[in-house]
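Here's the structure we're looking at; comments come further down.
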Amino acid sequence: MLKPDDTWYQHMARKIPLSQIVDYAHTHDMPAITALIETTQGVTDTILAGFQKGLDDTGIQVPVGMTIEEFYHSERQRAFDWAATK
């Protein structure tokens with residue numbers, strides 16, 4: 001187990017904003033990998049709100065005709081498909 005004075009703990013404890021992760025994925029032609037975030041309760045409104053915020057901060061629009069939940073699941077599947085090719 002890492003302790004606060006361990007060098008790796010300092011890196012692991014660093015919080016990276018979801019929008020930064022979304023932006024990185026978007027600029028590297030990857031799916032929105034934040035769609036992989038889920039809780040033991042499943043995909044909650046809080047998860048979807050965070051996903052939406054990351055998209056908004058990066059300037060990514062949910063496709064017309066899709067709900068945020070549909071887009072979340074679409075990007076989740078795209079992330080799995082993308083990972084399977086790597």
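Here's how to read the names in the structure tokens: chain A, B, ... by the order shown, residue numbers from 1 in each chain, ligand numbers from 1 in the order shown.
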
Problem set entry | Within 12 Å of Gly42 in chain A using only C-alpha atoms, minus same-chain residues under 6 positions, as a VMD selection string | chain A and resid 35 to 36 48 69 73

Residues as selected, N, CA, C and O atoms, written as a short mmCIF file (atom, residue, chain, number, x, y, z; two decimals), in the first residue's frame, can you do that?
```
data_model
loop_
_atom_site.label_atom_id
_atom_site.label_comp_id
_atom_site.auth_asym_id
_atom_site.auth_seq_id
_atom_site.Cartn_x
_atom_site.Cartn_y
_atom_site.Cartn_z
N ALA A 35 -16.41 7.62 -20.49
CA ALA A 35 -17.63 6.81 -20.52
C ALA A 35 -17.40 5.46 -19.84
O ALA A 35 -18.34 4.69 -19.65
N LEU A 36 -16.18 5.17 -19.46
CA LEU A 36 -15.88 3.93 -18.75
C LEU A 36 -16.12 4.06 -17.25
O LEU A 36 -16.11 3.07 -16.53
N LEU A 48 -23.56 10.77 -15.37
CA LEU A 48 -23.92 11.41 -16.64
C LEU A 48 -23.67 12.91 -16.61
O LEU A 48 -23.23 13.49 -17.61
N GLU A 69 -27.31 9.93 -22.07
CA GLU A 69 -27.13 8.52 -21.69
C GLU A 69 -26.85 7.65 -22.90
O GLU A 69 -25.99 6.77 -22.87
N HIS A 73 -23.33 5.56 -23.51
CA HIS A 73 -23.24 4.13 -23.81
C HIS A 73 -22.59 3.88 -25.18
O HIS A 73 -21.84 2.92 -25.35
#
```

Backbone DSSP call of helix (DSSP H, G or I) for range 37-68 of chain A, listed as a PDB file with all heavy atoms, in the first residue's frame:
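Listing of selection09.pdb after writing:
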```pdb
ATOM      1  N   ASP A  45     -27.209   9.540 -12.457  1.00  0.00           N
ATOM      2  CA  ASP A  45     -27.340  10.911 -12.958  1.00  0.00           C
ATOM      3  C   ASP A  45     -26.060  11.702 -12.704  1.00  0.00           C
ATOM      4  O   ASP A  45     -25.664  12.534 -13.522  1.00  0.00           O
ATOM      5  CB  ASP A  45     -28.524  11.610 -12.292  1.00  0.00           C
ATOM      6  CG  ASP A  45     -29.866  11.065 -12.768  1.00  0.00           C
ATOM      7  OD1 ASP A  45     -29.905  10.411 -13.831  1.00  0.00           O
ATOM      8  OD2 ASP A  45     -30.876  11.299 -12.073  1.00  0.00           O
ATOM      9  N   THR A  46     -25.397  11.426 -11.588  1.00  0.00           N
ATOM     10  CA  THR A  46     -24.142  12.112 -11.264  1.00  0.00           C
ATOM     11  C   THR A  46     -23.059  11.757 -12.276  1.00  0.00           C
ATOM     12  O   THR A  46     -22.303  12.628 -12.720  1.00  0.00           O
ATOM     13  CB  THR A  46     -23.687  11.745  -9.839  1.00  0.00           C
ATOM     14  OG1 THR A  46     -24.723  12.098  -8.928  1.00  0.00           O
ATOM     15  CG2 THR A  46     -22.407  12.458  -9.458  1.00  0.00           C
ATOM     16  N   ILE A  47     -22.986  10.490 -12.643  1.00  0.00           N
ATOM     17  CA  ILE A  47     -22.012  10.052 -13.654  1.00  0.00           C
ATOM     18  C   ILE A  47     -22.298  10.759 -14.975  1.00  0.00           C
ATOM     19  O   ILE A  47     -21.393  11.288 -15.624  1.00  0.00           O
ATOM     20  CB  ILE A  47     -22.051   8.519 -13.845  1.00  0.00           C
ATOM     21  CG1 ILE A  47     -21.602   7.793 -12.582  1.00  0.00           C
ATOM     22  CG2 ILE A  47     -21.231   8.086 -15.058  1.00  0.00           C
ATOM     23  CD1 ILE A  47     -20.147   7.958 -12.225  1.00  0.00           C
ATOM     24  N   LEU A  48     -23.559  10.772 -15.370  1.00  0.00           N
ATOM     25  CA  LEU A  48     -23.923  11.411 -16.639  1.00  0.00           C
ATOM     26  C   LEU A  48     -23.669  12.911 -16.608  1.00  0.00           C
ATOM     27  O   LEU A  48     -23.231  13.486 -17.609  1.00  0.00           O
ATOM     28  CB  LEU A  48     -25.382  11.116 -16.979  1.00  0.00           C
ATOM     29  CG  LEU A  48     -25.697   9.654 -17.301  1.00  0.00           C
ATOM     30  CD1 LEU A  48     -27.194   9.459 -17.491  1.00  0.00           C
ATOM     31  CD2 LEU A  48     -24.917   9.171 -18.513  1.00  0.00           C
ATOM     32  N   ALA A  49     -23.907  13.548 -15.465  1.00  0.00           N
ATOM     33  CA  ALA A  49     -23.647  14.982 -15.338  1.00  0.00           C
ATOM     34  C   ALA A  49     -22.152  15.266 -15.475  1.00  0.00           C
ATOM     35  O   ALA A  49     -21.750  16.237 -16.134  1.00  0.00           O
ATOM     36  CB  ALA A  49     -24.173  15.510 -14.005  1.00  0.00           C
ATOM     37  N   GLY A  50     -21.316  14.445 -14.863  1.00  0.00           N
ATOM     38  CA  GLY A  50     -19.869  14.601 -14.992  1.00  0.00           C
ATOM     39  C   GLY A  50     -19.401  14.365 -16.412  1.00  0.00           C
ATOM     40  O   GLY A  50     -18.530  15.083 -16.929  1.00  0.00           O
ATOM     41  N   PHE A  51     -19.989  13.370 -17.065  1.00  0.00           N
ATOM     42  CA  PHE A  51     -19.659  13.078 -18.457  1.00  0.00           C
ATOM     43  C   PHE A  51     -20.031  14.272 -19.333  1.00  0.00           C
ATOM     44  O   PHE A  51     -19.236  14.721 -20.156  1.00  0.00           O
ATOM     45  CB  PHE A  51     -20.398  11.810 -18.907  1.00  0.00           C
ATOM     46  CG  PHE A  51     -20.121  11.374 -20.310  1.00  0.00           C
ATOM     47  CD1 PHE A  51     -18.873  10.883 -20.675  1.00  0.00           C
ATOM     48  CD2 PHE A  51     -21.109  11.433 -21.269  1.00  0.00           C
ATOM     49  CE1 PHE A  51     -18.613  10.472 -21.978  1.00  0.00           C
ATOM     50  CE2 PHE A  51     -20.863  11.013 -22.570  1.00  0.00           C
ATOM     51  CZ  PHE A  51     -19.614  10.533 -22.926  1.00  0.00           C
ATOM     52  N   GLN A  52     -21.238  14.820 -19.104  1.00  0.00           N
ATOM     53  CA  GLN A  52     -21.699  15.978 -19.867  1.00  0.00           C
ATOM     54  C   GLN A  52     -20.787  17.181 -19.642  1.00  0.00           C
ATOM     55  O   GLN A  52     -20.432  17.883 -20.582  1.00  0.00           O
ATOM     56  CB  GLN A  52     -23.134  16.345 -19.473  1.00  0.00           C
ATOM     57  CG  GLN A  52     -23.688  17.558 -20.212  1.00  0.00           C
ATOM     58  CD  GLN A  52     -23.975  17.272 -21.662  1.00  0.00           C
ATOM     59  OE1 GLN A  52     -24.837  16.456 -21.953  1.00  0.00           O
ATOM     60  NE2 GLN A  52     -23.258  17.917 -22.573  1.00  0.00           N
ATOM     61  N   LYS A  53     -20.387  17.408 -18.403  1.00  0.00           N
ATOM     62  CA  LYS A  53     -19.503  18.534 -18.084  1.00  0.00           C
ATOM     63  C   LYS A  53     -18.170  18.402 -18.821  1.00  0.00           C
ATOM     64  O   LYS A  53     -17.650  19.372 -19.374  1.00  0.00           O
ATOM     65  CB  LYS A  53     -19.255  18.649 -16.589  1.00  0.00           C
ATOM     66  CG  LYS A  53     -18.377  19.846 -16.227  1.00  0.00           C
ATOM     67  CD  LYS A  53     -18.240  20.047 -14.760  1.00  0.00           C
ATOM     68  CE  LYS A  53     -17.384  21.223 -14.365  1.00  0.00           C
ATOM     69  NZ  LYS A  53     -16.527  21.837 -15.319  1.00  0.00           N
ATOM     70  N   GLY A  54     -17.618  17.199 -18.847  1.00  0.00           N
ATOM     71  CA  GLY A  54     -16.375  16.977 -19.579  1.00  0.00           C
ATOM     72  C   GLY A  54     -16.526  17.281 -21.059  1.00  0.00           C
ATOM     73  O   GLY A  54     -15.647  17.885 -21.674  1.00  0.00           O
ATOM     74  N   LEU A  55     -17.652  16.872 -21.626  1.00  0.00           N
ATOM     75  CA  LEU A  55     -17.916  17.166 -23.038  1.00  0.00           C
ATOM     76  C   LEU A  55     -18.060  18.662 -23.253  1.00  0.00           C
ATOM     77  O   LEU A  55     -17.472  19.216 -24.182  1.00  0.00           O
ATOM     78  CB  LEU A  55     -19.198  16.453 -23.498  1.00  0.00           C
ATOM     79  CG  LEU A  55     -19.214  14.926 -23.471  1.00  0.00           C
ATOM     80  CD1 LEU A  55     -20.588  14.412 -23.883  1.00  0.00           C
ATOM     81  CD2 LEU A  55     -18.138  14.334 -24.356  1.00  0.00           C
ATOM     82  N   ASP A  56     -18.856  19.309 -22.379  1.00  0.00           N
ATOM     83  CA  ASP A  56     -19.075  20.751 -22.505  1.00  0.00           C
ATOM     84  C   ASP A  56     -17.767  21.527 -22.399  1.00  0.00           C
ATOM     85  O   ASP A  56     -17.517  22.434 -23.194  1.00  0.00           O
ATOM     86  CB  ASP A  56     -20.044  21.244 -21.426  1.00  0.00           C
ATOM     87  CG  ASP A  56     -21.461  20.745 -21.613  1.00  0.00           C
ATOM     88  OD1 ASP A  56     -21.796  20.243 -22.718  1.00  0.00           O
ATOM     89  OD2 ASP A  56     -22.243  20.841 -20.638  1.00  0.00           O
ATOM     90  N   ASP A  57     -16.932  21.160 -21.423  1.00  0.00           N
ATOM     91  CA  ASP A  57     -15.658  21.859 -21.223  1.00  0.00           C
ATOM     92  C   ASP A  57     -14.728  21.715 -22.415  1.00  0.00           C
ATOM     93  O   ASP A  57     -13.879  22.561 -22.665  1.00  0.00           O
ATOM     94  CB  ASP A  57     -14.955  21.348 -19.961  1.00  0.00           C
ATOM     95  CG  ASP A  57     -15.646  21.760 -18.670  1.00  0.00           C
ATOM     96  OD1 ASP A  57     -16.587  22.594 -18.721  1.00  0.00           O
ATOM     97  OD2 ASP A  57     -15.256  21.237 -17.608  1.00  0.00           O
ATOM     98  N   THR A  58     -14.882  20.625 -23.151  1.00  0.00           N
ATOM     99  CA  THR A  58     -14.021  20.354 -24.297  1.00  0.00           C
ATOM    100  C   THR A  58     -14.639  20.839 -25.604  1.00  0.00           C
ATOM    101  O   THR A  58     -13.965  20.918 -26.616  1.00  0.00           O
ATOM    102  CB  THR A  58     -13.724  18.833 -24.380  1.00  0.00           C
ATOM    103  OG1 THR A  58     -13.224  18.402 -23.125  1.00  0.00           O
ATOM    104  CG2 THR A  58     -12.705  18.494 -25.428  1.00  0.00           C
ATOM    105  N   ILE A  68     -27.888  12.206 -23.541  1.00  0.00           N
ATOM    106  CA  ILE A  68     -26.549  12.077 -22.955  1.00  0.00           C
ATOM    107  C   ILE A  68     -26.289  10.628 -22.563  1.00  0.00           C
ATOM    108  O   ILE A  68     -25.181  10.125 -22.717  1.00  0.00           O
ATOM    109  CB  ILE A  68     -26.339  13.055 -21.766  1.00  0.00           C
ATOM    110  CG1 ILE A  68     -24.883  13.036 -21.289  1.00  0.00           C
ATOM    111  CG2 ILE A  68     -27.280  12.741 -20.632  1.00  0.00           C
ATOM    112  CD1 ILE A  68     -23.862  13.486 -22.292  1.00  0.00           C
TER     113      ILE A  68
END
```

Exercise. Smallest atom-to-atom distance to Val62 in chain A: which of A:Ile16, A:Ala32, A:Ile21, A:Ala83, using only C-alpha atoms?
Worked result: A:Ala32
